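A.B. asks: Next up is a structure, given as structure tokens.
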Amino acid sequence: AGEATRGMGEIEVGDHLVKHSIHEMGHHLLFLNDARNLIEWWNGIYSPHLDSGALLERDWPSGVRAYRDLHESTVRGKLPFCQVAIEYEIERLSIVYGPYLFKLTGEKLGKDVIKHLSFLSHHIELDVGHTQLNRFLLQKLLKGRPDSLPQLIEVGRSALSCYSQFLENALAQCFLS
């Protein structure tokens, strides 16, 4: 998205998207590590035991597939800078709901679980700055390209919809398994 945005003449926004992609590189490994550690923690306390390999090898839920597809269509679309709208909405979720989720998880499962939530704690901290930067970039885009507002809104809305779908998928699995 950053390179395509640069190619459209939006150099500053493109540069920030490229830098952000470098910062996000490997974040999935943090998530996978947390998943394995949480399962190990769970298995040490609760029954039935979970199998991390089987869990992590499952097909992606529809919300995850939709989120990936949204990124792909945005990057390859006519307005790749709409990636900023995705990042703004999703990273804002981390700072608005992350602390509550962190606290609630500790209250419901005990304080020991908190040390296994590094992905969440990492995003709660870093996404404050990311959200401020994304807000600035959206303002810059809207000043120079006010006609892009409907597309930015739609892409941001779609990102939130994908996350909502993912949470619905997760809750359904909790109650069906």
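Just so we're on the same page: first chain in the structure tokens is A, next is B, and so on; residues restart at 1 for each chain, and ligands are numbered from 1 in the order they show up.
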Residues at most 12 Å from Val64 (chain A), counting only C-alpha atoms, excluding those fewer than 3 positions away in the same chain, as a PyMOL selection string?

C.D. replies: chain A and resi 59-61+67-71+159-170

A.B. asks: Which residues are close to region 78-85 of chain A, i.e. within 7 Å by only C-alpha atoms, leaving aside same-chain residues fewer than 2 positions away? Reply as an NGL selection string.

C.D. replies: :A and (1 or 4-5 or 74-76 or 87-89 or 134 or 138 or 152 or 155-156)

A.B. asks: Name the residues in contact with Leu30 (chain A) at a cut-off of 9 Å, using only C-alpha atoms, excluding same-chain residues fewer than 4 positions from it; report them as a list in words.

C.D. replies: Gly26, Asp34, Ala35, Ser118 and Phe119 of chain A

A.B. asks: Print the selection's residues with C-alpha atoms to a file, as a PDB file, in the first residue's frame.

C.D. replies:
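Final output, saved to selection34.pdb:
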ATOM      1  CA  GLY A  26       6.752 -10.369  12.658  1.00  0.00           C
ATOM      2  CA  ASP A  34       1.051 -15.887  23.149  1.00  0.00           C
ATOM      3  CA  ALA A  35      -1.342 -18.526  21.831  1.00  0.00           C
ATOM      4  CA  SER A 118       2.155  -9.699  25.319  1.00  0.00           C
ATOM      5  CA  PHE A 119       0.524  -9.198  21.911  1.00  0.00           C
TER       6      PHE A 119
END

A.B. asks: Grab the CA of Glu12 (chain A) to CA of Gln139 (chain A) distance for me, in Å with one decimal place.

C.D. replies: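 Value for the CA of Glu12 (chain A)-CA of Gln139 (chain A) distance: 12.5 Å.
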
A.B. asks: Using only C-alpha atoms, which of A:Glu107, A:Glu24, A:Glu91, A:Glu3 sits nearest Ile124 (chain A)?

C.D. replies: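 Closest to Ile124 (chain A) of all the choices is A:Glu91.
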
A.B. asks: Ile11 (chain A): which residues within 12 Å, counting only C-alpha atoms, same-chain residues fewer than 3 positions away excluded, as a list in words?

C.D. replies: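 The neighbour list is Ala1, Gly2, Glu3, Ala4, Thr5, Arg6, Gly7, Met8, Gly14, Asp15, His16, Leu17, Val18, Phe81, Leu137, Lys140 and Leu141 of chain A.
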
A.B. asks: Looking at only C-alpha atoms, which of A:Thr105, A:Leu56, A:His23, A:Trp42 is the one that sits closest to His123 (chain A)?

C.D. replies: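 Of A:Thr105, A:Leu56, A:His23, A:Trp42, the one nearest His123 (chain A) is A:His23, counting only C-alpha atoms.
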
A.B. asks: Skip Leu126 (chain A) itself and residues of its chain fewer than 4 positions away, then list as a short mmCIF file (atom, residue, chain, number, x, y, z; two decimals) with C-alpha atoms, in the first residue's frame all residues within 12 Å of it, counting only C-alpha atoms.

C.D. replies:
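After the write, selection.cif holds the following:
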data_model
loop_
_atom_site.label_atom_id
_atom_site.label_comp_id
_atom_site.auth_asym_id
_atom_site.auth_seq_id
_atom_site.Cartn_x
_atom_site.Cartn_y
_atom_site.Cartn_z
CA HIS A 20 4.48 1.00 9.49
CA HIS A 23 7.15 -2.14 12.29
CA GLU A 24 4.35 -4.69 11.91
CA GLU A 91 -5.35 0.33 16.08
CA ARG A 92 -7.92 2.56 17.74
CA SER A 94 -6.49 -1.56 20.78
CA ILE A 95 -6.40 1.67 22.75
CA GLY A 98 -7.59 -3.19 24.89
CA SER A 118 2.15 -9.70 25.32
CA PHE A 119 0.52 -9.20 21.91
CA LEU A 120 -2.34 -7.28 23.49
CA SER A 121 -0.20 -5.27 25.92
CA HIS A 122 2.23 -4.41 23.11
CA HIS A 130 -0.04 4.83 15.66
CA THR A 131 -3.61 6.09 16.04
CA GLN A 132 -2.43 9.70 16.40
CA LEU A 133 -0.27 9.33 13.28
#
